[in-house]
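One structure below.
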Amino acid sequence: KDLILKINKNKKIFIANGVGIPNIFYANINKQDYTPQNGYFLYIGRISKEKNIDLLLECFRDSKFHLNIIGGKIDTKCSNIKCLDYIDNQNLPNIIQNHIALILPSISETWGLVVDETLLCGVGVITSSNVGSGSELIKPYKSGIIFENNNLAKLKLALETMNENYLYFHQN
């Protein structure tokens, strides 16, 4: 905003504080349909180093919780971690609503659009402190938990807290 004002002071500026999520994708979302499976968490995204998948897998290894992954295959022998097949975008909101929360443990994430999409479904989010949308969408609205980046103990605590209080985050 400051840069635009310096360039041309006569222009009107509209700050939308959002992104262009297709209306078709979320047209039929009913937040009242939120029926998560107890102890089931979700990751949606690329399988890459900056997404901190290793921390996520370590967190769920020998855990009482379950993790479903959408976005790629991971070779894991853990029975509580599953990679889901391709999900059509029209079905994604229903899949999201079947989980306690989305987890985005990224080492570096400028924004994280999947956070917006998940919140539109009425589902809480757990992100690392390096996910940009955390300070804009999670913290002020109390719609999830932000854990210290790359801290396994804090991520485990976030899972416990979210599992016990998911309806609170859903309402926010």
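FYI, nothing fancy with the structure tokens labels: chains A, B, ... in order, residues from 1 per chain, ligands from 1 as they appear.
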task: Write down as an MDAnalysis selection string the residues of chain A whose backbone DSSP state falls under strand (DSSP E or B).
output: chainID A and resid 40:44 66:70 81:83 101:104 109 124:128 131 144:147
- prompt: So which residues touch stretch 48-57 of chain A within 10 Å, counting only C-alpha atoms, skipping near sequence neighbours fewer than 4 positions away, as a list in words?
  reply: Tyr43, Arg61, Asp62, Ser63, Leu67, Gly72, Ile74, Thr76, Cys78, Ile81, Ile103, Leu104, Pro105, Ser106, Ile107, Ser108, Glu109, Ser128, Val131, Asn149, Asn150, Asn151, Leu152, Leu155 and Lys156 of chain A
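By chain and then residue number, the residues within 12 Å of A:Gln171 are A:Lys31, A:Gln32, A:Tyr34, A:Leu119, A:Leu120, A:Cys121, A:Gly122, A:Val123, A:Gly124, A:Tyr141, A:Lys142, A:Ser143, A:Gly144, A:Asn165, A:Tyr166, A:Leu167, counting only C-alpha atoms and disregarding those fewer than 4 positions away in sequence.
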Selection to disk with C-alpha atoms, as an mmCIF file, in the first residue's frame:
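Dumped to part10.cif:
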data_model
loop_
_atom_site.group_PDB
_atom_site.id
_atom_site.type_symbol
_atom_site.label_atom_id
_atom_site.label_comp_id
_atom_site.auth_asym_id
_atom_site.auth_seq_id
_atom_site.Cartn_x
_atom_site.Cartn_y
_atom_site.Cartn_z
ATOM 1 C CA LYS A 31 -19.803 -25.899 7.848
ATOM 2 C CA GLN A 32 -22.459 -27.677 9.883
ATOM 3 C CA TYR A 34 -18.186 -30.961 9.921
ATOM 4 C CA LEU A 119 -10.587 -22.476 7.053
ATOM 5 C CA LEU A 120 -13.338 -21.931 4.477
ATOM 6 C CA CYS A 121 -14.385 -25.512 5.208
ATOM 7 C CA GLY A 122 -14.663 -24.686 8.903
ATOM 8 C CA VAL A 123 -11.685 -26.829 9.891
ATOM 9 C CA GLY A 124 -8.849 -25.716 12.166
ATOM 10 C CA TYR A 141 -9.180 -15.410 14.617
ATOM 11 C CA LYS A 142 -8.024 -18.204 16.940
ATOM 12 C CA SER A 143 -8.717 -20.624 14.096
ATOM 13 C CA GLY A 144 -5.795 -22.913 14.767
ATOM 14 C CA ASN A 165 -10.383 -28.690 21.340
ATOM 15 C CA TYR A 166 -11.190 -29.059 17.634
ATOM 16 C CA LEU A 167 -14.786 -27.822 18.051
#
message: What's the separation between atom CA of A:Asn98 and atom CA of A:Ile70, in Å to one decimal place?
response: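 Separation of atom CA of A:Asn98 and atom CA of A:Ile70: 13.4 Å.
Atom CA of A:Ile29 is positioned 27.7 Å from atom CA of A:Asn80.
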